[in-house]
Amino acid sequence: MTETKLTQEAGNGPAPQPLKSYYERHVFFCLNERKEGEACCARYQAQQAFDYCKTQVKAAGLAGPGQVRVNKAGCMDRCAAGPVLVVYPEAVWYTYLDTADIDEIVDSHLKKGQVVERLLVPPTLGR
Ligand code: FES
């Protein structure tokens, strides 16, 4: 098995190029469900929001390599802000209430790279 180089070697050749990400943007939805009444994203229809987001991303022609991938995630330890999703590579954390919020994240951030300020999770809000 050969090793995969993570960066190009420095030398007298051309400047190293950053590795291109397989997806331009990667979205993770917390779908974690807790018993016993503890706060969790599943309680706020996270599964339905995830399904809706995947459908909208695909319908917009944004899904696939070099574009956008929407994935399930477990608890990301930001439950107090739930339901949450995070968009990489920008590491922008959002909360949402309904499909209109998901539409805005898709149309603004995933299509145009513009952060939806009104849906941002406060930076220090954790579990
Ligand atoms: S349950 Fe969703 S971030 Fe913890």
# chains A, B, ... in the order shown; residues from 1 in each chain; ligands from 1

call {"tool": "residues_near_ligand", "arguments": {"ligand": "ligand 1", "cutoff": "12 Å", "atoms": "only C-alpha atoms and all ligand atoms", "output": "VMD selection string"}}
result
chain A and resid 28 to 35 37 to 47 72 to 86 93 to 95 121 125 to 127

call {"tool": "write_last_selection", "arguments": {"atoms": "C-alpha atoms", "output": "CSV table (one decimal), in the first residue's frame"}}
result
chain,number,residue,atom,x,y,z
A,28,PHE,CA,-23.8,17.9,9.3
A,29,PHE,CA,-27.2,17.7,11.0
A,30,CYS,CA,-27.3,16.6,14.6
A,31,LEU,CA,-30.1,13.9,14.8
A,32,ASN,CA,-29.2,12.8,18.3
A,33,GLU,CA,-32.1,11.5,20.4
A,34,ARG,CA,-32.0,11.3,24.2
A,35,LYS,CA,-34.4,9.6,26.5
A,37,GLY,CA,-36.4,14.3,28.9
A,38,GLU,CA,-32.9,15.6,28.2
A,39,ALA,CA,-32.5,18.3,25.6
A,40,CYS,CA,-31.7,16.9,22.2
A,41,CYS,CA,-32.0,17.9,18.5
A,42,ALA,CA,-34.3,15.0,17.6
A,43,ARG,CA,-37.0,16.6,19.7
A,44,TYR,CA,-37.1,19.5,17.3
A,45,GLN,CA,-37.9,17.6,14.1
A,46,ALA,CA,-34.2,17.3,13.2
A,47,GLN,CA,-34.8,14.2,11.1
A,72,LYS,CA,-26.3,12.9,9.6
A,73,ALA,CA,-24.4,13.4,12.8
A,74,GLY,CA,-24.7,12.4,16.4
A,75,CYS,CA,-24.5,14.9,19.2
A,76,MET,CA,-22.1,17.7,18.5
A,77,ASP,CA,-22.2,19.0,22.1
A,78,ARG,CA,-24.1,22.1,21.3
A,79,CYS,CA,-27.5,20.9,22.5
A,80,ALA,CA,-28.5,24.1,24.2
A,81,ALA,CA,-28.7,25.7,20.8
A,82,GLY,CA,-30.6,22.8,19.3
A,83,PRO,CA,-31.6,21.9,16.8
A,84,VAL,CA,-28.2,22.5,15.2
A,85,LEU,CA,-26.4,21.9,11.9
A,86,VAL,CA,-22.9,23.0,10.9
A,93,TRP,CA,-23.2,26.7,13.1
A,94,TYR,CA,-26.9,27.3,12.6
A,95,THR,CA,-30.1,26.6,14.4
A,121,VAL,CA,-25.6,29.8,17.0
A,125,LEU,CA,-23.4,28.1,23.5
A,126,GLY,CA,-22.6,24.5,24.2
A,127,ARG,CA,-24.4,21.7,25.9

call {"tool": "residues_around", "arguments": {"residues": "Val27 (chain A)", "least_positions_apart": "2", "cutoff": "12 Å", "atoms": "only C-alpha atoms", "output": "count of residues only"}}
result
33

call {"tool": "atom_distance", "arguments": {"atom1": "CA of Gly64 (chain A)", "atom2": "CA of Leu19 (chain A)"}}
result
17.9 Å

call {"tool": "atom_distance", "arguments": {"atom1": "CA of Val116 (chain A)", "atom2": "CA of Tyr22 (chain A)"}}
result
23.8 Å

call {"tool": "atom_distance", "arguments": {"atom1": "CA of Ser21 (chain A)", "atom2": "CA of Ala100 (chain A)"}}
result
28.6 Å

call {"tool": "select_by_dssp", "arguments": {"residues": "region 27-116 of chain A", "states": "helix (DSSP H, G or I)", "output": "VMD selection string"}}
result
chain A and resid 41 to 44 46 to 59 79 to 81 99 to 112

call {"tool": "write_last_selection", "arguments": {"atoms": "N, CA and C atoms", "output": "mmCIF file, in the first residue's frame"}}
result
data_model
loop_
_atom_site.group_PDB
_atom_site.id
_atom_site.type_symbol
_atom_site.label_atom_id
_atom_site.label_comp_id
_atom_site.auth_asym_id
_atom_site.auth_seq_id
_atom_site.Cartn_x
_atom_site.Cartn_y
_atom_site.Cartn_z
ATOM 1 N N CYS A 41 -31.519 17.358 19.802
ATOM 2 C CA CYS A 41 -31.979 17.922 18.529
ATOM 3 C C CYS A 41 -33.143 17.140 17.927
ATOM 4 N N ALA A 42 -33.194 15.825 18.175
ATOM 5 C CA ALA A 42 -34.269 15.014 17.597
ATOM 6 C C ALA A 42 -35.642 15.502 18.051
ATOM 7 N N ARG A 43 -35.695 16.106 19.204
ATOM 8 C CA ARG A 43 -36.975 16.584 19.748
ATOM 9 C C ARG A 43 -37.549 17.736 18.910
ATOM 10 N N TYR A 44 -36.699 18.351 18.103
ATOM 11 C CA TYR A 44 -37.126 19.511 17.299
ATOM 12 C C TYR A 44 -37.211 19.171 15.809
ATOM 13 N N ALA A 46 -35.467 17.294 13.883
ATOM 14 C CA ALA A 46 -34.196 17.340 13.161
ATOM 15 C C ALA A 46 -34.182 16.362 11.982
ATOM 16 N N GLN A 47 -34.781 15.193 12.169
ATOM 17 C CA GLN A 47 -34.799 14.224 11.061
ATOM 18 C C GLN A 47 -35.559 14.787 9.864
ATOM 19 N N GLN A 48 -36.702 15.406 10.118
ATOM 20 C CA GLN A 48 -37.489 15.982 9.027
ATOM 21 C C GLN A 48 -36.723 17.121 8.354
ATOM 22 N N ALA A 49 -36.035 17.931 9.139
ATOM 23 C CA ALA A 49 -35.254 19.042 8.579
ATOM 24 C C ALA A 49 -34.100 18.504 7.729
ATOM 25 N N PHE A 50 -33.465 17.444 8.218
ATOM 26 C CA PHE A 50 -32.380 16.803 7.467
ATOM 27 C C PHE A 50 -32.900 16.280 6.127
ATOM 28 N N ASP A 51 -34.005 15.549 6.179
ATOM 29 C CA ASP A 51 -34.586 15.008 4.944
ATOM 30 C C ASP A 51 -34.952 16.129 3.975
ATOM 31 N N TYR A 52 -35.537 17.183 4.506
ATOM 32 C CA TYR A 52 -35.940 18.313 3.670
ATOM 33 C C TYR A 52 -34.705 18.985 3.050
ATOM 34 N N CYS A 53 -33.667 19.173 3.836
ATOM 35 C CA CYS A 53 -32.454 19.813 3.322
ATOM 36 C C CYS A 53 -31.841 18.978 2.207
ATOM 37 N N LYS A 54 -31.758 17.679 2.413
ATOM 38 C CA LYS A 54 -31.202 16.810 1.360
ATOM 39 C C LYS A 54 -32.010 16.943 0.065
ATOM 40 N N THR A 55 -33.319 16.949 0.199
ATOM 41 C CA THR A 55 -34.192 17.076 -0.970
ATOM 42 C C THR A 55 -33.968 18.412 -1.678
ATOM 43 N N GLN A 56 -33.860 19.481 -0.897
ATOM 44 C CA GLN A 56 -33.693 20.816 -1.490
ATOM 45 C C GLN A 56 -32.329 20.966 -2.166
ATOM 46 N N VAL A 57 -31.294 20.421 -1.530
ATOM 47 C CA VAL A 57 -29.942 20.498 -2.104
ATOM 48 C C VAL A 57 -29.900 19.732 -3.429
ATOM 49 N N LYS A 58 -30.535 18.569 -3.444
ATOM 50 C CA LYS A 58 -30.568 17.770 -4.665
ATOM 51 C C LYS A 58 -31.390 18.482 -5.749
ATOM 52 N N ALA A 59 -32.543 19.018 -5.369
ATOM 53 C CA ALA A 59 -33.410 19.707 -6.332
ATOM 54 C C ALA A 59 -32.728 20.936 -6.930
ATOM 55 N N CYS A 79 -26.056 21.164 22.270
ATOM 56 C CA CYS A 79 -27.470 20.851 22.463
ATOM 57 C C CYS A 79 -28.298 22.043 22.936
ATOM 58 N N ALA A 80 -27.725 22.922 23.700
ATOM 59 C CA ALA A 80 -28.471 24.073 24.219
ATOM 60 C C ALA A 80 -28.953 24.980 23.105
ATOM 61 N N ALA A 81 -28.346 24.881 21.946
ATOM 62 C CA ALA A 81 -28.738 25.701 20.790
ATOM 63 C C ALA A 81 -29.615 24.916 19.831
ATOM 64 N N THR A 99 -38.916 24.799 7.760
ATOM 65 C CA THR A 99 -38.372 24.606 6.415
ATOM 66 C C THR A 99 -37.949 25.933 5.774
ATOM 67 N N ALA A 100 -38.584 27.030 6.175
ATOM 68 C CA ALA A 100 -38.173 28.335 5.622
ATOM 69 C C ALA A 100 -36.731 28.643 6.021
ATOM 70 N N ASP A 101 -36.362 28.277 7.252
ATOM 71 C CA ASP A 101 -34.975 28.489 7.692
ATOM 72 C C ASP A 101 -34.014 27.613 6.888
ATOM 73 N N ILE A 102 -34.409 26.377 6.655
ATOM 74 C CA ILE A 102 -33.555 25.489 5.852
ATOM 75 C C ILE A 102 -33.436 26.037 4.432
ATOM 76 N N ASP A 103 -34.549 26.507 3.872
ATOM 77 C CA ASP A 103 -34.504 27.109 2.531
ATOM 78 C C ASP A 103 -33.500 28.260 2.486
ATOM 79 N N GLU A 104 -33.511 29.082 3.516
ATOM 80 C CA GLU A 104 -32.616 30.239 3.533
ATOM 81 C C GLU A 104 -31.151 29.809 3.627
ATOM 82 N N ILE A 105 -30.879 28.782 4.412
ATOM 83 C CA ILE A 105 -29.497 28.278 4.514
ATOM 84 C C ILE A 105 -29.055 27.709 3.165
ATOM 85 N N VAL A 106 -29.936 26.968 2.517
ATOM 86 C CA VAL A 106 -29.593 26.397 1.199
ATOM 87 C C VAL A 106 -29.380 27.517 0.184
ATOM 88 N N ASP A 107 -30.342 28.432 0.095
ATOM 89 C CA ASP A 107 -30.279 29.485 -0.929
ATOM 90 C C ASP A 107 -29.133 30.462 -0.694
ATOM 91 N N SER A 108 -28.895 30.801 0.553
ATOM 92 C CA SER A 108 -27.883 31.816 0.840
ATOM 93 C C SER A 108 -26.488 31.197 1.014
ATOM 94 N N HIS A 109 -26.361 30.306 1.981
ATOM 95 C CA HIS A 109 -25.024 29.786 2.282
ATOM 96 C C HIS A 109 -24.555 28.730 1.280
ATOM 97 N N LEU A 110 -25.399 27.736 1.039
ATOM 98 C CA LEU A 110 -24.932 26.623 0.205
ATOM 99 C C LEU A 110 -24.847 26.998 -1.271
ATOM 100 N N LYS A 111 -25.715 27.891 -1.726
ATOM 101 C CA LYS A 111 -25.645 28.316 -3.131
ATOM 102 C C LYS A 111 -24.663 29.452 -3.342
ATOM 103 N N LYS A 112 -24.703 30.450 -2.442
ATOM 104 C CA LYS A 112 -23.960 31.698 -2.690
ATOM 105 C C LYS A 112 -22.798 31.934 -1.738
#

call {"tool": "select_by_dssp", "arguments": {"residues": "chain A", "states": "strand (DSSP E or B)", "output": "ChimeraX atom specification"}}
result
/A:25-30,63,68-73,84-88,92-95,120

call {"tool": "write_last_selection", "arguments": {"atoms": "C-alpha atoms", "output": "mmCIF file, in the first residue's frame"}}
result
data_model
loop_
_atom_site.group_PDB
_atom_site.id
_atom_site.type_symbol
_atom_site.label_atom_id
_atom_site.label_comp_id
_atom_site.auth_asym_id
_atom_site.auth_seq_id
_atom_site.Cartn_x
_atom_site.Cartn_y
_atom_site.Cartn_z
ATOM 1 C CA ARG A 25 -19.370 22.323 1.440
ATOM 2 C CA HIS A 26 -20.264 19.613 3.907
ATOM 3 C CA VAL A 27 -23.337 19.960 6.103
ATOM 4 C CA PHE A 28 -23.826 17.947 9.280
ATOM 5 C CA PHE A 29 -27.200 17.733 11.010
ATOM 6 C CA CYS A 30 -27.332 16.585 14.593
ATOM 7 C CA ALA A 63 -25.531 17.663 -4.475
ATOM 8 C CA VAL A 68 -22.527 19.916 -1.361
ATOM 9 C CA ARG A 69 -22.974 16.859 0.839
ATOM 10 C CA VAL A 70 -25.559 16.692 3.627
ATOM 11 C CA ASN A 71 -24.850 14.134 6.345
ATOM 12 C CA LYS A 72 -26.332 12.872 9.576
ATOM 13 C CA ALA A 73 -24.387 13.419 12.772
ATOM 14 C CA VAL A 84 -28.191 22.508 15.169
ATOM 15 C CA LEU A 85 -26.365 21.934 11.921
ATOM 16 C CA VAL A 86 -22.871 22.956 10.910
ATOM 17 C CA VAL A 87 -21.505 23.847 7.481
ATOM 18 C CA TYR A 88 -17.861 23.152 6.633
ATOM 19 C CA VAL A 92 -20.651 27.964 10.543
ATOM 20 C CA TRP A 93 -23.157 26.724 13.114
ATOM 21 C CA TYR A 94 -26.874 27.254 12.572
ATOM 22 C CA THR A 95 -30.069 26.615 14.379
ATOM 23 C CA LEU A 120 -26.210 31.635 13.783
#
